[in-house]
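Engineer: Just one file: input13.cif, with mmCIF, C-alpha atoms.
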data_run
#
loop_
_atom_site.group_PDB
_atom_site.id
_atom_site.type_symbol
_atom_site.label_atom_id
_atom_site.label_comp_id
_atom_site.auth_asym_id
_atom_site.auth_seq_id
_atom_site.Cartn_x
_atom_site.Cartn_y
_atom_site.Cartn_z
ATOM 1 C CA MET A 27 -11.449 9.658 10.125
ATOM 2 C CA PHE A 28 -9.901 13.061 10.436
ATOM 3 C CA PHE A 29 -8.136 15.935 8.807
ATOM 4 C CA ASN A 30 -4.531 16.629 9.622
ATOM 5 C CA ASN A 31 -4.826 17.821 13.215
ATOM 6 C CA ASP A 32 -7.403 15.380 14.545
ATOM 7 C CA PRO A 33 -5.994 13.046 17.214
ATOM 8 C CA VAL A 34 -5.891 9.273 16.980
ATOM 9 C CA THR A 35 -6.716 7.418 20.188
ATOM 10 C CA VAL A 36 -4.118 4.679 20.555
ATOM 11 C CA PRO A 37 -2.658 3.587 23.897
ATOM 12 C CA MET A 38 0.930 4.765 24.138
ATOM 13 C CA ILE A 39 3.664 3.697 26.505
ATOM 14 C CA GLU A 40 6.144 5.875 28.265
ATOM 15 C CA ARG A 41 9.510 5.971 26.548
ATOM 16 C CA ASN A 42 12.632 6.061 28.656
ATOM 17 C CA SER A 43 14.846 8.913 27.557
ATOM 18 C CA SER A 44 17.868 6.630 27.864
ATOM 19 C CA ASP A 45 16.466 4.165 25.337
ATOM 20 C CA PRO A 46 17.822 4.508 21.772
ATOM 21 C CA PRO A 47 15.258 5.696 19.189
ATOM 22 C CA GLU A 48 13.090 3.048 17.520
ATOM 23 C CA MET A 49 14.212 0.408 20.040
ATOM 24 C CA ASP A 50 11.479 -1.775 21.477
ATOM 25 C CA THR A 51 12.030 -2.580 25.136
ATOM 26 C CA SER A 52 9.579 -5.473 24.932
ATOM 27 C CA ASP A 53 10.099 -8.923 23.453
ATOM 28 C CA LEU A 54 10.895 -8.644 19.744
ATOM 29 C CA ASN A 55 9.209 -11.988 19.146
ATOM 30 C CA SER A 56 5.841 -10.330 19.762
ATOM 31 C CA LEU A 57 5.491 -9.733 15.997
ATOM 32 C CA VAL A 58 4.110 -13.193 15.357
ATOM 33 C CA GLU A 59 0.387 -12.583 15.814
ATOM 34 C CA GLU A 60 -1.904 -9.850 14.529
ATOM 35 C CA ALA A 61 -0.190 -6.471 14.492
ATOM 36 C CA VAL A 62 -1.664 -2.966 14.670
ATOM 37 C CA LEU A 63 0.548 -0.175 13.359
ATOM 38 C CA SER A 64 -0.138 3.354 14.573
ATOM 39 C CA PHE A 65 1.729 6.570 13.849
ATOM 40 C CA HIS A 66 1.527 9.821 15.757
ATOM 41 C CA HIS A 67 2.485 13.312 14.544
ATOM 42 C CA ILE A 68 4.819 11.991 11.868
ATOM 43 C CA SER A 69 6.873 14.596 10.021
ATOM 44 C CA TYR A 70 9.674 13.949 7.575
ATOM 45 C CA GLN A 71 12.254 16.458 6.344
ATOM 46 C CA GLU A 72 14.835 16.166 3.593
ATOM 47 C CA THR A 73 17.897 18.322 3.036
ATOM 48 C CA VAL A 74 18.225 19.412 -0.571
ATOM 49 C CA GLN A 75 21.427 20.858 -2.006
ATOM 50 C CA SER A 76 20.852 23.721 -4.426
ATOM 51 C CA SER A 77 23.264 25.922 -6.328
ATOM 52 C CA PHE A 78 22.955 29.198 -8.197
ATOM 53 C CA ALA A 79 25.725 31.316 -9.694
ATOM 54 C CA CYS A 80 28.424 29.111 -8.140
ATOM 55 C CA CYS A 81 26.865 29.516 -4.702
ATOM 56 C CA LYS A 82 25.814 26.300 -3.008
ATOM 57 C CA HIS A 83 23.497 26.132 -0.056
ATOM 58 C CA ALA A 84 21.297 23.537 1.634
ATOM 59 C CA CYS A 85 17.603 23.961 2.252
ATOM 60 C CA ILE A 86 15.302 21.769 4.322
ATOM 61 C CA ILE A 87 12.038 20.627 2.746
ATOM 62 C CA GLU A 88 9.242 19.135 4.831
ATOM 63 C CA ARG A 89 7.860 16.222 2.828
ATOM 64 C CA LEU A 90 5.395 14.952 5.452
ATOM 65 C CA SER A 91 3.728 17.204 8.004
ATOM 66 C CA ASN A 92 2.149 16.106 11.308
ATOM 67 C CA ILE A 93 0.512 12.895 10.079
ATOM 68 C CA SER A 94 -1.288 10.542 12.454
ATOM 69 C CA GLY A 95 -3.263 7.361 11.880
ATOM 70 C CA ILE A 96 -3.702 3.673 12.574
ATOM 71 C CA MET A 97 -3.453 0.574 10.362
ATOM 72 C CA LYS A 98 -5.280 -2.515 11.607
ATOM 73 C CA PRO A 99 -5.412 -6.044 10.154
ATOM 74 C CA GLY A 100 -7.104 -5.647 6.767
ATOM 75 C CA LEU A 101 -6.517 -3.758 3.521
ATOM 76 C CA ASN A 102 -5.057 -0.329 4.305
ATOM 77 C CA ALA A 103 -4.702 1.808 1.176
ATOM 78 C CA ILE A 104 -2.644 4.991 0.845
ATOM 79 C CA MET A 105 -3.747 7.206 -2.043
ATOM 80 C CA GLY A 106 -2.896 10.658 -3.326
ATOM 81 C CA PRO A 107 -1.600 12.653 -6.300
ATOM 82 C CA GLN A 108 1.683 11.904 -7.991
ATOM 83 C CA ASP A 109 3.737 14.166 -5.731
ATOM 84 C CA GLY A 110 5.556 11.345 -3.952
ATOM 85 C CA SER A 111 3.645 11.704 -0.675
ATOM 86 C CA ARG A 112 1.948 8.314 -0.710
ATOM 87 C CA SER A 113 5.106 6.292 -1.447
ATOM 88 C CA LEU A 114 7.095 8.369 1.024
ATOM 89 C CA LEU A 115 4.567 7.727 3.799
ATOM 90 C CA LEU A 116 4.624 4.003 2.983
ATOM 91 C CA ASP A 117 8.435 3.892 3.106
ATOM 92 C CA VAL A 118 8.554 5.863 6.366
ATOM 93 C CA LEU A 119 6.100 3.460 8.023
ATOM 94 C CA ALA A 120 8.071 0.491 6.671
ATOM 95 C CA ALA A 121 11.382 1.905 8.015
ATOM 96 C CA ARG A 122 12.788 2.173 4.488
ATOM 97 C CA LYS A 123 13.811 5.845 4.765
ATOM 98 C CA ASP A 124 16.670 7.603 6.515
ATOM 99 C CA PRO A 125 15.464 8.038 10.133
ATOM 100 C CA ARG A 126 17.468 11.257 10.597
ATOM 101 C CA GLY A 127 14.695 13.292 8.962
ATOM 102 C CA LEU A 128 11.892 11.590 10.883
ATOM 103 C CA SER A 129 10.065 12.932 13.915
ATOM 104 C CA GLY A 130 7.055 11.485 15.721
ATOM 105 C CA ASP A 131 6.152 8.026 17.010
ATOM 106 C CA ILE A 132 5.517 4.815 15.084
ATOM 107 C CA LEU A 133 4.104 2.048 17.264
ATOM 108 C CA ILE A 134 3.418 -1.655 16.827
ATOM 109 C CA ASN A 135 0.655 -2.893 19.137
ATOM 110 C CA GLY A 136 1.216 0.195 21.295
ATOM 111 C CA ASN A 137 4.985 -0.330 21.619
ATOM 112 C CA PRO A 138 7.790 1.546 19.816
ATOM 113 C CA ARG A 139 8.678 0.050 16.455
ATOM 114 C CA PRO A 140 11.517 -2.470 16.965
ATOM 115 C CA ALA A 141 14.956 -1.726 15.576
ATOM 116 C CA ASN A 142 14.798 -4.872 13.408
ATOM 117 C CA PHE A 143 11.375 -4.015 11.976
ATOM 118 C CA THR A 144 12.595 -4.487 8.404
ATOM 119 C CA CYS A 145 13.342 -8.103 9.350
ATOM 120 C CA THR A 146 9.964 -8.697 10.989
ATOM 121 C CA SER A 147 7.797 -7.209 8.238
ATOM 122 C CA GLY A 148 7.448 -7.814 4.501
ATOM 123 C CA TYR A 149 7.989 -5.247 1.755
ATOM 124 C CA VAL A 150 7.179 -5.611 -1.949
ATOM 125 C CA PRO A 151 8.745 -2.781 -4.015
ATOM 126 C CA GLN A 152 7.096 -1.334 -7.077
ATOM 127 C CA LYS A 153 9.823 -2.804 -9.268
ATOM 128 C CA ASP A 154 9.580 -6.576 -8.955
ATOM 129 C CA MET A 155 12.757 -8.117 -7.540
ATOM 130 C CA VAL A 156 12.489 -11.612 -8.994
ATOM 131 C CA MET A 157 15.109 -13.618 -10.838
ATOM 132 C CA HIS A 158 13.867 -14.370 -14.332
ATOM 133 C CA THR A 159 16.285 -17.272 -14.746
ATOM 134 C CA LEU A 160 14.579 -19.188 -11.933
ATOM 135 C CA THR A 161 11.103 -20.672 -11.804
ATOM 136 C CA VAL A 162 8.388 -19.335 -9.524
ATOM 137 C CA ARG A 163 8.990 -22.093 -6.971
ATOM 138 C CA GLU A 164 12.758 -21.600 -7.067
ATOM 139 C CA ASN A 165 12.357 -17.876 -6.378
ATOM 140 C CA VAL A 166 10.180 -18.589 -3.340
ATOM 141 C CA GLU A 167 12.545 -21.333 -2.153
ATOM 142 C CA PHE A 168 15.484 -18.938 -2.486
ATOM 143 C CA SER A 169 13.685 -16.332 -0.353
ATOM 144 C CA ALA A 170 12.795 -18.952 2.266
ATOM 145 C CA ALA A 171 16.380 -20.250 2.419
ATOM 146 C CA LEU A 172 17.763 -16.763 3.022
ATOM 147 C CA ARG A 173 15.163 -15.331 5.391
ATOM 148 C CA LEU A 174 13.723 -18.130 7.507
ATOM 149 C CA PRO A 175 15.612 -18.977 10.724
ATOM 150 C CA ILE A 176 17.703 -22.118 10.842
ATOM 151 C CA THR A 177 15.324 -23.547 13.443
ATOM 152 C CA VAL A 178 12.696 -24.027 10.732
ATOM 153 C CA THR A 179 12.930 -27.580 9.447
ATOM 154 C CA ARG A 180 13.080 -28.536 5.779
ATOM 155 C CA ASP A 181 9.611 -30.054 5.950
ATOM 156 C CA GLU A 182 8.212 -26.863 7.514
ATOM 157 C CA LYS A 183 9.793 -24.743 4.772
ATOM 158 C CA ARG A 184 8.307 -26.979 2.108
ATOM 159 C CA ARG A 185 4.885 -26.769 3.772
ATOM 160 C CA ARG A 186 5.017 -22.964 3.924
ATOM 161 C CA ILE A 187 6.102 -22.707 0.292
ATOM 162 C CA ASN A 188 3.290 -24.965 -0.891
ATOM 163 C CA GLU A 189 0.723 -23.020 1.150
ATOM 164 C CA VAL A 190 1.889 -19.681 -0.268
ATOM 165 C CA LEU A 191 1.887 -20.974 -3.848
ATOM 166 C CA GLU A 192 -1.646 -22.294 -3.406
ATOM 167 C CA LEU A 193 -2.858 -19.065 -1.774
ATOM 168 C CA LEU A 194 -1.598 -16.969 -4.696
ATOM 169 C CA HIS A 195 -2.828 -19.480 -7.290
ATOM 170 C CA LEU A 196 0.771 -20.211 -8.294
ATOM 171 C CA ASP A 197 0.719 -23.949 -7.627
ATOM 172 C CA LYS A 198 -0.051 -24.742 -11.275
ATOM 173 C CA GLU A 199 2.584 -22.280 -12.497
ATOM 174 C CA SER A 200 5.271 -23.064 -9.951
ATOM 175 C CA ASN A 201 7.618 -24.592 -12.536
ATOM 176 C CA VAL A 202 7.289 -21.675 -14.974
ATOM 177 C CA LYS A 203 9.763 -18.819 -15.154
ATOM 178 C CA PRO A 204 8.062 -15.501 -14.247
ATOM 179 C CA ARG A 205 8.009 -13.592 -17.534
ATOM 180 C CA SER A 206 4.722 -11.677 -17.471
ATOM 181 C CA LYS A 207 4.156 -8.652 -15.225
ATOM 182 C CA GLU A 208 1.267 -10.362 -13.465
ATOM 183 C CA LEU A 209 3.285 -13.497 -12.696
ATOM 184 C CA ARG A 210 6.280 -11.468 -11.528
ATOM 185 C CA LYS A 211 4.067 -9.461 -9.175
ATOM 186 C CA ARG A 212 2.481 -12.530 -7.623
ATOM 187 C CA THR A 213 5.906 -14.152 -7.291
ATOM 188 C CA SER A 214 7.230 -11.060 -5.494
ATOM 189 C CA ILE A 215 4.331 -11.230 -3.055
ATOM 190 C CA ALA A 216 4.920 -14.961 -2.512
ATOM 191 C CA MET A 217 8.580 -14.328 -1.699
ATOM 192 C CA GLU A 218 7.463 -12.049 1.152
ATOM 193 C CA LEU A 219 4.564 -14.195 2.367
ATOM 194 C CA VAL A 220 6.745 -17.246 2.952
ATOM 195 C CA THR A 221 8.235 -15.498 5.993
ATOM 196 C CA GLN A 222 4.736 -15.247 7.560
ATOM 197 C CA HIS A 223 5.247 -11.718 8.883
ATOM 198 C CA PRO A 224 2.079 -10.095 10.272
ATOM 199 C CA ILE A 225 2.623 -6.799 8.398
ATOM 200 C CA LEU A 226 3.127 -6.549 4.640
ATOM 201 C CA PHE A 227 3.923 -3.322 2.770
ATOM 202 C CA LEU A 228 3.460 -2.983 -0.999
ATOM 203 C CA ASP A 229 4.442 -0.003 -3.139
ATOM 204 C CA ASP A 230 1.854 0.427 -5.932
ATOM 205 C CA PRO A 231 1.193 -3.322 -6.430
ATOM 206 C CA THR A 232 -1.081 -2.716 -9.461
ATOM 207 C CA THR A 233 1.317 -0.535 -11.468
ATOM 208 C CA GLY A 234 1.602 -1.768 -15.065
ATOM 209 C CA LEU A 235 -1.227 -4.293 -14.670
ATOM 210 C CA ASP A 236 -4.555 -4.317 -16.501
ATOM 211 C CA LEU A 237 -7.858 -4.076 -14.635
ATOM 212 C CA SER A 238 -8.496 -7.814 -14.496
ATOM 213 C CA THR A 239 -5.023 -8.608 -13.162
ATOM 214 C CA SER A 240 -5.120 -5.680 -10.735
ATOM 215 C CA THR A 241 -8.424 -6.932 -9.350
ATOM 216 C CA ASP A 242 -6.950 -10.419 -8.924
ATOM 217 C CA VAL A 243 -3.924 -9.061 -7.035
ATOM 218 C CA ILE A 244 -6.031 -6.913 -4.684
ATOM 219 C CA SER A 245 -8.462 -9.800 -4.150
ATOM 220 C CA ILE A 246 -5.545 -12.019 -3.133
ATOM 221 C CA LEU A 247 -4.316 -9.349 -0.718
ATOM 222 C CA ARG A 248 -7.822 -9.053 0.701
ATOM 223 C CA ARG A 249 -7.965 -12.805 1.271
ATOM 224 C CA MET A 250 -4.605 -12.606 3.057
ATOM 225 C CA SER A 251 -5.853 -9.769 5.254
ATOM 226 C CA ARG A 252 -8.824 -11.887 6.326
ATOM 227 C CA MET A 253 -6.279 -14.278 7.851
ATOM 228 C CA GLY A 254 -5.155 -11.581 10.271
ATOM 229 C CA ARG A 255 -2.415 -9.844 8.292
ATOM 230 C CA THR A 256 -2.066 -6.073 8.178
ATOM 231 C CA ILE A 257 -1.693 -5.155 4.509
ATOM 232 C CA ILE A 258 -0.488 -1.581 3.870
ATOM 233 C CA PHE A 259 -0.043 -0.417 0.284
ATOM 234 C CA SER A 260 0.077 2.676 -1.882
ATOM 235 C CA ILE A 261 -2.044 2.736 -5.017
ATOM 236 C CA ASP A 262 -2.649 5.227 -7.815
ATOM 237 C CA ARG A 263 -6.226 5.999 -8.936
ATOM 238 C CA PRO A 264 -7.851 2.540 -8.678
ATOM 239 C CA GLN A 265 -11.082 1.582 -10.358
ATOM 240 C CA TYR A 266 -14.126 1.666 -8.098
ATOM 241 C CA SER A 267 -14.396 -2.135 -8.346
ATOM 242 C CA ILE A 268 -10.980 -2.235 -6.623
ATOM 243 C CA PHE A 269 -11.552 0.734 -4.318
ATOM 244 C CA ARG A 270 -14.617 -0.873 -2.747
ATOM 245 C CA LEU A 271 -12.433 -3.751 -1.468
ATOM 246 C CA PHE A 272 -10.386 -1.433 0.785
ATOM 247 C CA ASP A 273 -10.954 -1.476 4.537
ATOM 248 C CA SER A 274 -9.036 1.697 5.396
ATOM 249 C CA LEU A 275 -8.076 4.712 3.289
ATOM 250 C CA THR A 276 -5.386 7.305 3.935
ATOM 251 C CA LEU A 277 -5.559 10.154 1.437
ATOM 252 C CA VAL A 278 -2.436 12.336 1.397
ATOM 253 C CA ALA A 279 -1.550 15.370 -0.706
ATOM 254 C CA SER A 280 1.423 17.726 -0.439
ATOM 255 C CA GLY A 281 2.597 15.854 2.627
ATOM 256 C CA LYS A 282 -0.640 16.353 4.585
ATOM 257 C CA VAL A 283 -3.542 14.029 5.404
ATOM 258 C CA MET A 284 -6.799 14.878 3.667
ATOM 259 C CA PHE A 285 -8.701 11.864 4.981
ATOM 260 C CA HIS A 286 -8.019 8.852 7.183
ATOM 261 C CA GLY A 287 -10.629 6.296 8.131
ATOM 262 C CA PRO A 288 -12.884 3.549 6.729
ATOM 263 C CA ALA A 289 -12.614 3.607 2.944
ATOM 264 C CA GLN A 290 -16.363 3.360 2.371
ATOM 265 C CA GLU A 291 -16.909 6.536 4.415
ATOM 266 C CA ALA A 292 -14.594 8.673 2.259
ATOM 267 C CA LEU A 293 -17.158 9.680 -0.365
ATOM 268 C CA PRO A 294 -19.964 10.563 2.095
ATOM 269 C CA TYR A 295 -17.410 12.416 4.231
ATOM 270 C CA PHE A 296 -16.361 14.876 1.540
ATOM 271 C CA ILE A 297 -19.934 15.279 0.295
ATOM 272 C CA SER A 298 -21.151 16.089 3.828
ATOM 273 C CA ALA A 299 -18.319 18.614 4.153
ATOM 274 C CA GLY A 300 -19.749 20.539 1.191
ATOM 275 C CA PHE A 301 -17.283 19.462 -1.468
ATOM 276 C CA LEU A 302 -17.734 17.867 -4.850
ATOM 277 C CA LEU A 303 -15.279 15.001 -5.301
ATOM 278 C CA SER A 304 -12.605 14.951 -7.947
ATOM 279 C CA LEU A 305 -13.790 13.835 -11.369
ATOM 280 C CA LEU A 306 -11.883 10.608 -10.916
ATOM 281 C CA PHE A 307 -13.998 9.178 -8.093
ATOM 282 C CA CYS A 308 -17.290 10.339 -9.571
ATOM 283 C CA PHE A 309 -16.563 9.060 -13.046
ATOM 284 C CA LEU A 310 -15.229 5.693 -11.879
ATOM 285 C CA LEU A 311 -18.433 5.201 -9.900
ATOM 286 C CA MET A 312 -20.535 6.135 -12.928
ATOM 287 C CA VAL A 313 -18.592 3.816 -15.244
ATOM 288 C CA THR A 314 -18.919 0.925 -12.793
ATOM 289 C CA LEU A 315 -22.698 1.371 -12.552
ATOM 290 C CA LEU A 316 -22.966 1.722 -16.344
ATOM 291 C CA ASN A 317 -20.943 -1.429 -16.925
ATOM 292 C CA ASN A 318 -23.141 -3.340 -14.500
ATOM 293 C CA MET A 319 -26.285 -2.234 -16.340
ATOM 294 C CA LEU A 320 -24.870 -3.082 -19.766
ATOM 295 C CA ALA A 321 -23.454 -6.439 -18.696
ATOM 296 C CA SER A 322 -26.819 -8.161 -19.037
ATOM 297 C CA GLY A 323 -27.509 -6.986 -22.606
ATOM 298 C CA PRO A 324 -25.779 -6.482 -25.960
ATOM 299 C CA VAL A 325 -23.362 -3.545 -26.183
ATOM 300 C CA THR A 326 -22.417 -2.001 -29.489
ATOM 301 C CA HIS A 327 -18.800 -1.391 -30.426
ATOM 302 C CA LYS A 328 -19.516 2.332 -30.793
ATOM 303 C CA LEU A 329 -20.813 2.588 -27.219
ATOM 304 C CA ASN A 330 -17.780 0.719 -25.892
ATOM 305 C CA SER A 331 -15.465 3.086 -27.755
ATOM 306 C CA PHE A 332 -17.352 6.105 -26.406
ATOM 307 C CA VAL A 333 -17.101 4.884 -22.797
ATOM 308 C CA LYS A 334 -13.370 4.188 -23.126
ATOM 309 C CA ALA A 335 -12.700 7.554 -24.749
ATOM 310 C CA GLN A 336 -14.578 9.436 -22.043
ATOM 311 C CA HIS A 337 -12.841 7.351 -19.390
ATOM 312 C CA HIS A 338 -9.353 8.319 -20.598
ATOM 313 C CA CYS A 339 -10.411 11.953 -21.012
ATOM 314 C CA VAL A 340 -11.647 12.266 -17.438
ATOM 315 C CA LEU A 341 -8.665 10.364 -16.057
ATOM 316 C CA ALA A 342 -6.370 12.888 -17.705
ATOM 317 C CA ARG A 343 -8.344 15.814 -16.288
ATOM 318 C CA ALA A 344 -8.427 14.208 -12.838
ATOM 319 C CA ALA A 345 -4.658 13.695 -12.959
ATOM 320 C CA ASP A 346 -4.212 17.396 -13.717
ATOM 321 C CA ASP A 347 -6.535 18.320 -10.849
ATOM 322 C CA GLU A 348 -4.348 16.241 -8.490
ATOM 323 C CA PHE A 349 -7.127 15.459 -6.080
ATOM 324 C CA ARG A 350 -8.174 19.073 -5.611
ATOM 325 C CA PHE A 351 -11.741 19.300 -4.411
ATOM 326 C CA PHE A 352 -14.147 21.917 -5.730
ATOM 327 C CA PRO A 353 -16.896 23.646 -3.677
ATOM 328 C CA SER A 354 -20.352 22.488 -4.624
ATOM 329 C CA VAL A 355 -22.682 24.901 -6.378
ATOM 330 C CA THR A 356 -25.945 25.386 -4.509
#
Render the structure in this file as structure tokens.

Structural biologist:
Amino acid sequence: MFFNNDPVTVPMIERNSSDPPEMDTSDLNSLVEEAVLSFHHISYQETVQSSFACCKHACIIERLSNISGIMKPGLNAIMGPQDGSRSLLLDVLAARKDPRGLSGDILINGNPRPANFTCTSGYVPQKDMVMHTLTVRENVEFSAALRLPITVTRDEKRRRINEVLELLHLDKESNVKPRSKELRKRTSIAMELVTQHPILFLDDPTTGLDLSTSTDVISILRRMSRMGRTIIFSIDRPQYSIFRLFDSLTLVASGKVMFHGPAQEALPYFISAGFLLSLLFCFLLMVTLLNNMLASGPVTHKLNSFVKAQHHCVLARAADDEFRFFPSVT
């Protein structure tokens, strides 16, 4: 784990100056096994047009600044305030942003990211792209028909579809049209999993879902990661019961990295550095412990209401703080 300027030790290859950017000189079929994504000194700039008193001029804004890190097979979470940094970093790593503003190196297993990376990795947007007029199975079949190579036989496609539906607990709902948010989200994930890409990106997969459904979605992603997939996703202020499932955490704010490393080392790291954590992390931990203690005995309605009220109050204050950390008082 590191702050912004700490190096990441990842073997790099020499790039020929005559090679086009983002072109992998190795075999593009290498993205079939486990994949490790690393990024080195990533910066991203956007040109913004502004006008005042009939005078127009362009200014360059640096949205990401000198970011480095590594994403291995497992659950790799990107967190941060609502300033757009976490989704921007996710989209840059997934090759979903204009490369003209990008500088730095993004590597797959130590090699430059291939030019067809969007075809060899999965991406689930925040807004679910499912067809509501089709059933869950028909949506997955449609994705398989469009994206799997013609060399894949019909029987192989059917086998993959059935495996994905079973993995996401959709086998009993495969003939239902995806109406609920939870079912649409799982269907979107299934449409990407059927391609069996080793890297899967998800933009805020728990947005609009309740705690129970969010936990189910993250648990499914965790089970997928245990099969060797590299799961990279942005997420906004998760409950501690969800946070503890993460393998890796990248905390970004104002385009800079505040922390990158094992998720379970984040809290001790900031405490050892002499900082008190944002109210969000501390309160979510307290609520989780309180809920565990109260689970074995009767809980009055008044106590439940008090806990929920305090929860929303602190969440609002933590959102205003935007992950600012306060020096501890000795």

Engineer: Output the residue selection produced by the PyMOL selection byres ((chain A and resi 225) around 12) on the file above, formatted as a VMD selection string.

Structural biologist: chain A and resid 57 to 63 97 to 102 119 to 120 134 to 135 143 to 150 218 to 219 221 to 224 226 to 228 247 250 to 251 253 to 259

Engineer: I'd like to see the residues matched by the PyMOL selection byres ((chain A and resi 118) around 12) on this file, and ideally I'd get them as a PyMOL selection string.

Structural biologist: chain A and resi 65+68-71+89-90+93+111-117+119-132+139+143-144+227+229+258

Engineer: Within 12 Å of Asp236 of chain A, counting all atoms listed in the file, which residues show up once you throw out same-chain ones fewer than 6 positions away? Write them as a PDB file with C-alpha atoms, in the coordinates of the input, please.

Structural biologist:
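Done, and the output landed in out.pdb:
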ATOM      1  CA  SER A 206       4.722 -11.677 -17.471  1.00  0.00           C
ATOM      2  CA  LYS A 207       4.156  -8.652 -15.225  1.00  0.00           C
ATOM      3  CA  GLU A 208       1.267 -10.362 -13.465  1.00  0.00           C
ATOM      4  CA  ASP A 242      -6.950 -10.419  -8.924  1.00  0.00           C
ATOM      5  CA  VAL A 243      -3.924  -9.061  -7.035  1.00  0.00           C
ATOM      6  CA  PRO A 264      -7.851   2.540  -8.678  1.00  0.00           C
ATOM      7  CA  GLN A 265     -11.082   1.582 -10.358  1.00  0.00           C
ATOM      8  CA  ILE A 268     -10.980  -2.235  -6.623  1.00  0.00           C
TER       9      ILE A 268
END

Engineer: Just the number, please: distance in Å from atom CA of Tyr266 of chain A to atom CA of Val190 of chain A, one decimal.

Structural biologist: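 Distance reported for this atom pair: 27.8 Å.
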
Engineer: Which is closer to Leu133 of chain A than all the others in A:Gly234, A:Pro288, A:Gly300, A:Gly95, using all atoms listed in the file?

Structural biologist: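 Looking at the shortest contact to Leu133 of chain A, the residue is A:Gly95.
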
Engineer: Which is closest to Arg210 of chain A among A:His83, A:His286, A:His158, A:His66, if we use only C-alpha atoms?

Structural biologist: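 Once distances to Arg210 of chain A are computed over only C-alpha atoms, the minimum belongs to A:His158.
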
Engineer: Given the PyMOL selection byres ((chain A and resi 197) around 12) and the file above, list the residues it selects as a ChimeraX atom specification.

Structural biologist: /A:161-163,166,187-196,198-202,209,212-213,216

Engineer: For the atom pair atom CA of Ala171 of chain A and atom CA of Arg248 of chain A, what is the interatomic distance in Å to one decimal place?

Structural biologist: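 Atom CA of Arg248 of chain A lies at a distance of 26.7 Å from atom CA of Ala171 of chain A.
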
Engineer: Just to confirm, what's the straight-line distance from atom CA of Phe272 of chain A to atom CA of Gln290 of chain A in Å (one decimal)?

Structural biologist: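 Value for the atom CA of Phe272 of chain A-atom CA of Gln290 of chain A distance: 7.8 Å.
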
Engineer: Measuring between all atoms listed in the file, which one of A:Arg180, A:Lys203, A:Arg249, A:Lys211 shows the shortest distance to Asp154 of chain A?

Structural biologist: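 Between A:Arg180, A:Lys203, A:Arg249, A:Lys211, the residue approaching Asp154 of chain A most closely is A:Lys211.
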
Engineer: Pick the closest to Ala103 of chain A from A:Lys82, A:Arg270, A:Lys282, A:Arg205: which is it, counting all atoms listed in the file?

Structural biologist: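 The closest residue to Ala103 of chain A is A:Arg270.
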
Engineer: Return the padded bounding box of segment 161-179 of chain A as lines of an AutoDock Vina configuration file: axis-aligned, built from all atoms listed in the file, 6 Å added on each side, with centre and edge lengths in Å to one decimal.

Structural biologist:
center_x = 13.1
center_y = -21.5
center_z = 0.8
size_x = 21.4
size_y = 24.2
size_z = 37.2

Engineer: Mind checking which residues fall within 7 Å of Ile104 of chain A, counting only C-alpha atoms, ignoring those fewer than 4 positions away in the same chain, and posting them as a list in words?

Structural biologist: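 Residues near the query, excluding close chain neighbours: Arg112, Phe259, Ser260, Ile261, Leu275, Thr276 and Leu277 of chain A.
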